[in-house]
$ cat protein.pdb   # PDB, C-alpha atoms
ATOM      1  CA  ASP A 153     192.079 165.267  95.590
ATOM      2  CA  SER A 154     191.256 162.540  93.102
ATOM      3  CA  ALA A 155     187.633 163.696  92.934
ATOM      4  CA  MET A 156     188.727 167.280  92.338
ATOM      5  CA  PHE A 157     191.126 166.276  89.557
ATOM      6  CA  ALA A 158     188.428 164.174  87.919
ATOM      7  CA  GLN A 159     186.086 167.170  87.916
ATOM      8  CA  VAL A 160     188.827 169.424  86.501
ATOM      9  CA  PHE A 161     189.594 166.917  83.768
ATOM     10  CA  ALA A 162     185.929 166.726  82.752
ATOM     11  CA  GLN A 163     185.599 170.505  82.655
ATOM     12  CA  THR A 164     188.754 170.895  80.562
ATOM     13  CA  LEU A 165     187.500 168.380  78.011
ATOM     14  CA  ALA A 166     184.204 170.249  77.822
ATOM     15  CA  LEU A 167     186.097 173.497  77.251
ATOM     16  CA  ALA A 168     188.082 171.946  74.418
ATOM     17  CA  ALA A 169     184.916 170.539  72.839
ATOM     18  CA  ALA A 170     183.278 173.955  73.016
ATOM     19  CA  GLY A 171     186.083 175.385  70.874
ATOM     20  CA  TYR A 172     187.615 177.739  73.413
ATOM     21  CA  LEU A 173     191.028 176.083  73.362
ATOM     22  CA  PRO A 174     193.455 175.941  70.397
ATOM     23  CA  PRO A 175     194.441 172.548  68.954
ATOM     24  CA  ASP A 176     197.614 172.235  71.074
ATOM     25  CA  ALA A 177     195.700 172.902  74.266
ATOM     26  CA  ARG A 178     193.034 170.373  73.240
ATOM     27  CA  ILE A 179     195.696 167.701  72.857
ATOM     28  CA  ALA A 180     197.032 168.546  76.293
ATOM     29  CA  ALA A 181     193.511 168.412  77.709
ATOM     30  CA  SER A 182     193.066 164.845  76.429
ATOM     31  CA  ARG A 183     195.870 163.549  78.654
ATOM     32  CA  PRO A 184     194.990 161.848  81.961
ATOM     33  CA  CYS A 185     194.702 164.022  85.030
ATOM     34  CA  SER A 186     197.798 162.414  86.474
ATOM     35  CA  ALA A 187     199.829 163.828  83.564
ATOM     36  CA  LEU A 188     198.618 167.390  84.182
ATOM     37  CA  PRO A 189     200.611 169.660  86.486
ATOM     38  CA  ARG A 190     198.784 170.649  89.661
ATOM     39  CA  ALA A 191     199.195 174.367  88.838
ATOM     40  CA  GLY A 192     197.254 173.870  85.631
ATOM     41  CA  ALA A 193     194.183 172.547  87.391
ATOM     42  CA  ILE A 194     192.888 175.996  88.262
ATOM     43  CA  PHE A 195     192.833 177.040  84.602
ATOM     44  CA  ALA A 196     190.129 174.511  83.816
ATOM     45  CA  SER A 197     187.657 175.738  86.420
ATOM     46  CA  GLU A 198     185.062 177.709  84.447
ATOM     47  CA  THR A 199     182.163 179.980  85.250
ATOM     48  CA  ARG A 200     178.876 178.194  84.648
ATOM     49  CA  GLU A 201     175.542 179.700  83.835
ATOM     50  CA  ALA A 202     172.213 178.337  84.989
ATOM     51  CA  GLY A 203     171.969 174.733  83.910
ATOM     52  CA  GLY A 204     175.725 174.491  83.376
ATOM     53  CA  GLN A 205     175.378 172.873  79.938
ATOM     54  CA  GLY A 206     176.874 173.639  76.521
ATOM     55  CA  PRO A 207     179.324 176.375  75.466
ATOM     56  CA  GLY A 208     177.450 178.958  77.531
ATOM     57  CA  ALA A 209     178.663 177.209  80.664
ATOM     58  CA  PHE A 210     182.072 178.806  80.175
ATOM     59  CA  LEU A 211     180.999 182.405  79.617
ATOM     60  CA  GLN A 212     181.521 185.216  82.066
ATOM     61  CA  ARG A 213     178.527 186.098  84.194
ATOM     62  CA  GLY A 214     176.927 189.485  83.612
ATOM     63  CA  LEU A 215     178.083 189.993  79.995
ATOM     64  CA  PRO A 216     176.047 189.582  76.786
ATOM     65  CA  LYS A 217     177.217 186.524  74.872
ATOM     66  CA  ASN A 218     178.326 188.496  71.817
ATOM     67  CA  GLN A 219     180.558 190.738  73.993
ATOM     68  CA  GLN A 220     182.306 187.966  75.897
ATOM     69  CA  PRO A 221     186.117 188.111  75.486
ATOM     70  CA  VAL A 222     186.241 184.422  74.564
ATOM     71  CA  ARG A 223     183.546 184.945  71.940
ATOM     72  CA  GLU A 224     185.485 187.916  70.542
ATOM     73  CA  VAL A 225     188.491 185.636  70.074
ATOM     74  CA  GLN A 226     186.340 183.129  68.202
ATOM     75  CA  ASN A 227     184.797 185.838  66.016
ATOM     76  CA  LEU A 228     188.231 187.264  65.223
ATOM     77  CA  ARG A 229     189.461 183.888  64.047
ATOM     78  CA  ARG A 230     186.590 183.759  61.529
ATOM     79  CA  GLU A 231     187.579 187.080  59.928
ATOM     80  CA  PHE A 232     189.553 187.093  56.671
ATOM     81  CA  LEU A 233     193.347 186.905  57.275
ATOM     82  CA  PHE A 234     192.977 186.850  61.066
ATOM     83  CA  ASP A 235     193.215 183.082  61.289
ATOM     84  CA  TRP A 236     196.591 183.085  59.489
ATOM     85  CA  PRO A 237     198.756 183.749  62.600
ATOM     86  CA  MET A 238     197.210 180.752  64.390
ATOM     87  CA  ASP A 239     199.782 178.271  63.063
ATOM     88  CA  ASP A 240     203.305 178.046  61.662
ATOM     89  CA  GLY A 241     202.028 178.370  58.090
ATOM     90  CA  TYR A 242     201.580 182.105  58.659
ATOM     91  CA  THR A 243     204.893 183.026  56.999
ATOM     92  CA  ASP A 244     204.155 180.989  53.873
ATOM     93  CA  LYS A 245     200.744 182.631  53.551
ATOM     94  CA  LEU A 246     202.311 186.082  53.805
ATOM     95  CA  LYS A 247     204.810 185.150  51.089
ATOM     96  CA  GLY A 248     201.956 184.070  48.827
ATOM     97  CA  LEU A 249     200.116 187.338  49.423
ATOM     98  CA  TYR A 250     203.308 189.291  48.734
ATOM     99  CA  GLY A 251     203.941 187.463  45.456
ATOM    100  CA  ALA A 252     200.372 187.896  44.220
ATOM    101  CA  THR A 253     200.327 191.610  45.054
ATOM    102  CA  MET A 254     203.735 192.108  43.455
ATOM    103  CA  LEU A 255     202.806 190.436  40.165
ATOM    104  CA  VAL A 256     199.229 191.627  39.766
ATOM    105  CA  VAL A 257     199.394 195.184  41.121
ATOM    106  CA  SER A 258     202.822 196.603  41.958
ATOM    107  CA  LEU A 259     204.899 195.567  38.934
ATOM    108  CA  PRO A 260     202.407 196.896  36.326
ATOM    109  CA  ILE A 261     202.171 200.226  38.159
ATOM    110  CA  ALA A 262     205.950 200.532  38.571
ATOM    111  CA  PHE A 263     206.494 199.652  34.905
ATOM    112  CA  ASP A 264     204.494 202.726  33.935
ATOM    113  CA  THR A 265     207.308 204.828  35.445
ATOM    114  CA  TYR A 266     210.388 202.695  34.769
ATOM    115  CA  ARG A 267     209.987 201.552  31.181
ATOM    116  CA  VAL A 268     213.593 201.468  29.992
ATOM    117  CA  LEU A 269     214.690 197.872  30.497
ATOM    118  CA  PRO A 270     217.074 196.403  31.446
ATOM    119  CA  ALA A 271     218.700 199.724  32.417
ATOM    120  CA  GLN A 272     215.943 200.601  34.890
ATOM    121  CA  LEU A 273     215.274 197.065  36.146
ATOM    122  CA  PRO A 274     216.678 197.721  39.668
ATOM    123  CA  GLU A 275     214.502 200.801  40.044
ATOM    124  CA  LEU A 276     211.502 198.899  38.673
ATOM    125  CA  LEU A 277     211.894 196.140  41.263
ATOM    126  CA  ALA A 278     212.579 198.618  44.076
ATOM    127  CA  ALA A 279     209.479 200.649  43.242
ATOM    128  CA  ALA A 280     207.314 197.522  42.978
ATOM    129  CA  HIS A 281     208.643 196.239  46.299
ATOM    130  CA  THR A 282     207.979 199.594  47.962
ATOM    131  CA  GLY A 283     204.336 199.510  46.953
ATOM    132  CA  THR A 284     203.935 195.852  47.914
ATOM    133  CA  ALA A 285     205.697 196.278  51.248
ATOM    134  CA  ALA A 286     203.521 199.288  52.096
ATOM    135  CA  PHE A 287     200.411 197.190  51.453
ATOM    136  CA  MET A 288     201.792 194.297  53.502
ATOM    137  CA  VAL A 289     202.648 196.579  56.413
ATOM    138  CA  VAL A 290     199.075 197.880  56.481
ATOM    139  CA  ALA A 291     197.670 194.330  56.362
ATOM    140  CA  VAL A 292     199.952 193.071  59.149
ATOM    141  CA  LEU A 293     199.253 196.151  61.262
ATOM    142  CA  ARG A 294     195.553 195.360  60.929
ATOM    143  CA  LEU A 295     196.253 191.860  62.239
ATOM    144  CA  ARG A 296     198.326 193.331  65.076
ATOM    145  CA  LEU A 297     195.566 195.705  66.125
ATOM    146  CA  GLY A 298     192.881 192.999  66.031
ATOM    147  CA  TRP A 299     194.824 190.432  68.042
ATOM    148  CA  GLY A 300     196.139 193.133  70.372
ATOM    149  CA  PHE A 301     192.579 194.200  71.133
ATOM    150  CA  VAL A 302     191.420 190.704  72.118
ATOM    151  CA  GLN A 303     194.586 190.221  74.177
ATOM    152  CA  LYS A 304     193.750 193.393  76.099
ATOM    153  CA  ARG A 305     190.193 192.180  76.634
ATOM    154  CA  LEU A 306     191.387 188.829  77.958
ATOM    155  CA  LYS A 307     193.932 190.350  80.344
ATOM    156  CA  GLU A 308     191.587 192.940  81.838
ATOM    157  CA  ARG A 309     190.054 192.144  85.222
ATOM    158  CA  ASP A 310     186.988 194.261  84.376
ATOM    159  CA  SER A 311     185.158 193.617  81.103
ATOM    160  CA  TYR A 312     183.572 196.580  79.354
ATOM    161  CA  TYR A 313     180.273 195.973  77.582
ATOM    162  CA  GLU A 314     177.407 197.988  76.153
ATOM    163  CA  GLN A 315     173.729 197.422  76.779
ATOM    164  CA  ASN A 316     170.661 199.600  76.291
ATOM    165  CA  GLN A 317     172.848 202.309  74.724
ATOM    166  CA  ARG A 318     174.957 202.558  77.883
ATOM    167  CA  GLY A 319     178.429 201.361  78.844
ATOM    168  CA  PHE A 320     179.084 199.113  81.846
ATOM    169  CA  LEU A 321     181.963 197.312  83.557
ATOM    170  CA  ALA A 322     181.599 193.738  84.784
ATOM    171  CA  LYS A 323     184.230 192.503  87.216
ATOM    172  CA  LYS A 324     185.601 189.074  86.382
ATOM    173  CA  ASP A 325     185.550 186.458  89.093
ATOM    174  CA  ASP A 326     188.690 184.452  89.774
ATOM    175  CA  GLU A 327     187.621 181.565  87.563
ATOM    176  CA  ALA A 328     186.982 183.849  84.567
ATOM    177  CA  VAL A 329     190.347 185.563  85.091
ATOM    178  CA  LEU A 330     192.182 182.232  85.087
ATOM    179  CA  ARG A 331     190.281 180.953  82.058
ATOM    180  CA  ASP A 332     191.015 184.124  80.041
ATOM    181  CA  ARG A 333     194.646 183.966  81.091
ATOM    182  CA  LEU A 334     194.885 180.425  79.733
ATOM    183  CA  ILE A 335     193.364 181.425  76.388
ATOM    184  CA  GLU A 336     195.613 184.491  76.140
ATOM    185  CA  LYS A 337     198.797 182.527  76.826
ATOM    186  CA  SER A 338     198.021 179.486  74.699
ATOM    187  CA  GLU A 339     196.341 181.107  71.694
ATOM    188  CA  VAL A 340     196.629 184.889  71.491
ATOM    189  CA  ALA A 341     200.210 185.465  72.643
ATOM    190  CA  PRO A 342     201.743 183.021  70.085
ATOM    191  CA  ALA A 343     199.754 184.673  67.286
ATOM    192  CA  LEU A 344     201.026 188.108  68.319
ATOM    193  CA  ARG A 345     204.622 186.851  68.400
ATOM    194  CA  ARG A 346     204.298 185.606  64.821
ATOM    195  CA  ILE A 347     202.797 188.925  63.731
ATOM    196  CA  ASP A 348     205.553 190.954  65.396
ATOM    197  CA  ARG A 349     208.273 188.808  63.819
ATOM    198  CA  SER A 350     206.813 189.488  60.354
ATOM    199  CA  LEU A 351     206.151 193.197  60.890
ATOM    200  CA  LEU A 352     209.720 194.263  61.662
ATOM    201  CA  PRO A 353     211.319 192.857  58.440
ATOM    202  CA  LEU A 354     208.547 194.398  56.353
ATOM    203  CA  LEU A 355     209.115 197.834  57.884
ATOM    204  CA  ALA A 356     212.876 197.552  57.425
ATOM    205  CA  SER A 357     212.597 196.516  53.765
ATOM    206  CA  LEU A 358     210.125 199.339  53.111
ATOM    207  CA  LEU A 359     212.550 201.918  54.496
ATOM    208  CA  VAL A 360     215.485 200.484  52.528
ATOM    209  CA  SER A 361     213.646 200.397  49.188
ATOM    210  CA  THR A 362     212.288 203.918  49.709
ATOM    211  CA  ALA A 363     215.772 205.241  50.486
ATOM    212  CA  ALA A 364     217.187 203.434  47.429
ATOM    213  CA  LEU A 365     214.665 205.127  45.161
ATOM    214  CA  GLU A 366     215.415 208.533  46.675
ATOM    215  CA  ILE A 367     219.154 208.290  46.015
ATOM    216  CA  SER A 368     218.740 206.746  42.573
ATOM    217  CA  ASP A 369     220.002 208.919  39.715
ATOM    218  CA  VAL A 370     217.336 207.585  37.347
ATOM    219  CA  PRO A 371     215.087 210.526  36.411
ATOM    220  CA  VAL A 372     211.476 210.198  37.482
ATOM    221  CA  LEU A 373     208.588 212.439  36.520
ATOM    222  CA  ARG A 374     207.472 214.145  39.732
ATOM    223  CA  THR A 375     204.406 216.290  40.257
ATOM    224  CA  LEU A 376     205.244 219.690  41.717
ATOM    225  CA  SER A 377     202.815 222.125  43.271
ATOM    226  CA  GLY A 378     202.799 225.369  45.208
ATOM    227  CA  ASP A 379     206.155 227.018  45.925
ATOM    228  CA  SER A 380     208.068 224.029  44.558
ATOM    229  CA  ALA A 381     206.396 224.407  41.149
ATOM    230  CA  THR A 382     207.061 228.167  41.138
ATOM    231  CA  ARG A 383     210.746 227.714  41.943
ATOM    232  CA  TYR A 384     211.097 224.981  39.332
ATOM    233  CA  THR A 385     209.481 227.116  36.627
ATOM    234  CA  SER A 386     211.634 230.128  37.519
ATOM    235  CA  GLN A 387     214.782 228.036  37.341
ATOM    236  CA  LEU A 388     213.784 226.707  33.927
ATOM    237  CA  ARG A 389     213.311 230.255  32.665
ATOM    238  CA  GLY A 390     216.509 231.724  34.083
ATOM    239  CA  ASP A 391     218.995 228.870  33.815
ATOM    240  CA  ASP A 392     219.518 227.448  30.331
ATOM    241  CA  GLU A 393     221.929 224.787  31.597
ATOM    242  CA  PHE A 394     219.353 223.527  34.109
ATOM    243  CA  ALA A 395     216.662 223.522  31.410
ATOM    244  CA  ALA A 396     218.910 221.555  29.066
ATOM    245  CA  ALA A 397     219.680 219.042  31.806
ATOM    246  CA  GLU A 398     215.975 218.562  32.536
ATOM    247  CA  GLN A 399     215.319 218.038  28.839
ATOM    248  CA  ALA A 400     218.075 215.420  28.699
ATOM    249  CA  LYS A 401     216.468 213.613  31.631
ATOM    250  CA  ALA A 402     213.120 213.606  29.836
ATOM    251  CA  ARG A 403     214.751 212.135  26.742
ATOM    252  CA  GLN A 404     216.399 209.441  28.847
ATOM    253  CA  ARG A 405     213.044 208.487  30.349
ATOM    254  CA  MET A 406     211.497 208.154  26.911
ATOM    255  CA  GLY A 407     214.268 205.844  25.723
ATOM    256  CA  GLY A 408     214.758 205.084  22.070
ATOM    257  CA  GLY A 409     217.822 205.543  19.882
ATOM    258  CA  ALA A 410     219.963 208.639  19.580
ATOM    259  CA  GLY A 411     218.204 209.709  16.387
ATOM    260  CA  GLU A 412     214.784 209.441  17.999
ATOM    261  CA  GLN A 413     215.873 211.387  21.046
ATOM    262  CA  GLU A 414     217.086 214.296  18.941
ATOM    263  CA  ASN A 415     213.514 214.845  17.768
ATOM    264  CA  VAL A 416     212.007 214.827  21.258
ATOM    265  CA  LYS A 417     210.469 218.179  22.195
ATOM    266  CA  PRO A 418     208.446 219.324  25.204
ATOM    267  CA  LEU A 419     204.678 219.125  24.824
ATOM    268  CA  TYR A 420     204.272 222.882  25.223
ATOM    269  CA  CYS A 421     206.114 223.492  21.944
ATOM    270  CA  ASP A 422     202.809 223.112  20.095
ATOM    271  CA  SER A 423     201.330 226.071  21.976
ATOM    272  CA  ARG A 424     202.569 229.629  21.344
ATOM    273  CA  TYR A 425     201.241 230.761  24.710
ATOM    274  CA  TYR A 426     203.063 228.091  26.705
ATOM    275  CA  LYS A 427     206.276 228.569  24.723
ATOM    276  CA  ILE A 428     206.335 232.235  25.743
ATOM    277  CA  LEU A 429     205.409 231.285  29.317
ATOM    278  CA  ALA A 430     208.277 228.776  29.476
ATOM    279  CA  GLY A 431     210.721 231.407  28.275
ATOM    280  CA  GLY A 432     214.333 230.684  27.368
ATOM    281  CA  ASN A 433     215.851 230.356  23.895
ATOM    282  CA  SER A 434     214.740 233.912  22.989
ATOM    283  CA  GLN A 435     211.198 233.297  24.272
ATOM    284  CA  GLY A 436     210.681 230.477  21.816
ATOM    285  CA  GLY A 437     210.426 227.910  24.592
ATOM    286  CA  VAL A 438     213.277 225.868  26.029
ATOM    287  CA  GLY A 439     214.007 222.893  23.794
ATOM    288  CA  CYS A 440     211.564 223.916  21.051
ATOM    289  CA  ASN A 441     214.160 225.173  18.519
TER
END

$ encode --input "protein.pdb" --output "structure tokens"
Amino acid sequence: DSAMFAQVFAQTLALAAAGYLPPDARIAASRPCSALPRAGAIFASETREAGGQGPGAFLQRGLPKNQQPVREVQNLRREFLFDWPMDDGYTDKLKGLYGATMLVVSLPIAFDTYRVLPAQLPELLAAAHTGTAAFMVVAVLRLRLGWGFVQKRLKERDSYYEQNQRGFLAKKDDEAVLRDRLIEKSEVAPALRRIDRSLLPLLASLLVSTAALEISDVPVLRTLSGDSATRYTSQLRGDDEFAAAEQAKARQRMGGGAGEQENVKPLYCDSRYYKILAGGNSQGGVGCN
């Protein structure tokens, strides 16, 4: 038994040196064999290639090196953003990304719609948060898909790979299955838990801010098309009270004092054709008199 544990300890240290274990697992691997539980000994037994030297000693037989599940984990960690969930600083990094996106992108865009401050400050912040949260959800979903893919690859007993423009399946031996299980539990599963914990609050806040904007009574210029545009135009022509209310909303959006708002007229008032098309007020165009 002592000879077997010594061999296991040496192989585990080689695995840590090759970069296939996360930092926590490397610390655990540096402890004496007597401190390791007996059940953990099987996780360190790795598949060796010819020669049995270097990082290639721990790759699965029959698969190209660039399509090995363990290599895919390493490559994923080198991608932008994908290394963030590897430690507890993930939440702070997401907060920094949220703040930068909010200040640089979302607030300027939202301000183009909600200009009347401080009256429209809540709507301005809600609109900016909606845009930022939507971006964050997409970014976190991308992380979830990437880490979920490598988790699936590690947990599969048959590894799919492509060679010579054809697809193949290589069955993992018991040692490769145990090694991949160790990597999945110690590295991939914690990253996915952090991602899931951040995704749910983002989705909830996105739904809340979107609902708040929908029920807000602050008028917003909306683009209508198709049947909606036809119904809106018909209502403007046939209902003077509705047309007056829409004009009042437009004046509120433009802001300014009461004297300035009295002089606000629709843009079509400068065109005789569009005044007739708008109808109302004896065909002189609603709000043009």

$ closest_residue --input "protein.pdb" --among "A:Ser258, A:Thr253, A:Arg305, A:Glu314" --to "A:Ala291" --atoms "all atoms listed in the file"
A:Thr253

$ atom_distance --input "protein.pdb" --atom1 "atom CA of A:Glu393" --atom2 "atom CA of A:Pro270"
28.8 Å

$ closest_residue --input "protein.pdb" --among "A:Arg294, A:Arg213, A:Arg267, A:Arg349" --to "A:Val329" --atoms "only C-alpha atoms"
A:Arg213

$ closest_residue --input "protein.pdb" --among "A:Val302, A:Val292, A:Ile367, A:Ala278" --to "A:Leu352" --atoms "all atoms listed in the file"
A:Val292

$ residues_around --input "protein.pdb" --residues "A:Lys307" --least-positions-apart "2" --cutoff "7 Å" --atoms "only C-alpha atoms" --output "ChimeraX atom specification"
/A:303-305,309,332-333

$ write_last_selection --input "protein.pdb" --atoms "C-alpha atoms" --output "PDB file, keeping the file's coordinate frame"
ATOM      1  CA  GLN A 303     194.586 190.221  74.177  1.00  0.00           C
ATOM      2  CA  LYS A 304     193.750 193.393  76.099  1.00  0.00           C
ATOM      3  CA  ARG A 305     190.193 192.180  76.634  1.00  0.00           C
ATOM      4  CA  ARG A 309     190.054 192.144  85.222  1.00  0.00           C
ATOM      5  CA  ASP A 332     191.015 184.124  80.041  1.00  0.00           C
ATOM      6  CA  ARG A 333     194.646 183.966  81.091  1.00  0.00           C
TER       7      ARG A 333
END

$ resolve_selection --input "protein.pdb" --expression "the PyMOL selection byres ((chain A and resi 340-346) around 10)" --output "PyMOL selection string"
chain A and resi 174+225+234-240+242-243+295-300+302-303+306+333-339+347-351

$ atom_distance --input "protein.pdb" --atom1 "atom CA of A:Ala262" --atom2 "atom CA of A:Ala280"
5.5 Å

$ residues_near_point --input "protein.pdb" --point "(179.6, 190.4, 67.4)" --cutoff "12 Å" --atoms "only C-alpha atoms" --output "ChimeraX atom specification"
/A:216-228,230-231,313-314

$ closest_residue --input "protein.pdb" --among "A:Leu255, A:Leu355, A:Ala381, A:Ala328" --to "A:Ala286" --atoms "only C-alpha atoms"
A:Leu355
